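Participant: This is the structure I have questions about; it appears just below.
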Amino acid sequence: MVERCELAGARSQVDVELLDLAHPVALGQAAVRASVEKTHRCLIVHEDNLTAGFGAEIAATLAQEASSAWSTDRAARHA
């Protein structure tokens with residue numbers, strides 16, 4: 001899967017930051033968070049499972065953190 005993503009990134013002619021999270025652990029989550037903060041983008045690619053894929057966990061964690069950050073930002077603007 002990583003090789004396919006590398007090839008797609010090279011063909012796209014867009015600057016791509018690729019993270020290989022073969023074993024998504026806390027360190028992987030920190031790397032994803034740092035990449036999203038840097039690029040403001042995230043595309044999750046993983047081999048398909050019927051349910052409970054780790055890509056869904058990454059997306060849910062990012063969405064929860066973003067929602068929390070947006071709430072803090074809105075509260076600060078209204079203070």
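To be explicit about the labels: the chains of the structure tokens are called A, B, and onward in the order shown, and within each one the residues are counted from 1, while ligands get numbers from 1 in the order they are shown.
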What are the closest atom pairs, with distances in Å to one decimal, for all residues of region 14-66 of chain A lying within 8 Å of region 5-9 of chain A? Consider only C-alpha atoms, order rows by chain and residue number, and present the result as a tab-separated table.
Facilitator:
residue	atom	partner	partner_atom	distance
A:Val14	CA	A:Gly9	CA	6.7
A:Asp15	CA	A:Gly9	CA	7.6
A:Val16	CA	A:Gly9	CA	5.9
A:Leu18	CA	A:Glu6	CA	7.4
Participant: Need the shell around region 38-42 of chain A: protein/DNA/RNA residues with any atom at most 12 Å away, counting only C-alpha atoms. Skip same-chain ones fewer than 6 positions apart. Format as an MDAnalysis selection string?
Facilitator: chainID A and resid 15:19 31:32 55 58:59 62:63 66
Participant: As a list of chain:residue names, please: the residues near Met1 (chain A) (cut-off 8 Å, only C-alpha atoms, same-chain neighbours under 2 positions excluded).
Facilitator: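 Here the answer would be A:Glu3, A:Arg4, A:Cys5, A:His46, A:Glu47.
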Participant: I need the residue nearest Thr61 (chain A) from this list: A:Val36, A:Val2, A:Ala10, A:Val45. Use only C-alpha atoms for the distance.
Facilitator: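 Selected residue with least distance to Thr61 (chain A): A:Val36.
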Participant: Mind pulling up the distance from CA of Ser67 (chain A) to CA of Ala22 (chain A)?
Facilitator: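 Computing the Euclidean distance for CA of Ala22 (chain A) and CA of Ser67 (chain A) yields 26.5 Å.
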Participant: Between CA of Glu65 (chain A) and CA of Ser12 (chain A), what is the distance, to one decimal in Å?
Facilitator: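 According to the coordinates, CA of Glu65 (chain A) and CA of Ser12 (chain A) are separated by 28.8 Å.
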Participant: In Å to one decimal, how far is CA of Ala34 (chain A) from CA of Gly53 (chain A)?
Facilitator: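 Pair CA of Gly53 (chain A) / CA of Ala34 (chain A) returns 21.5 Å.
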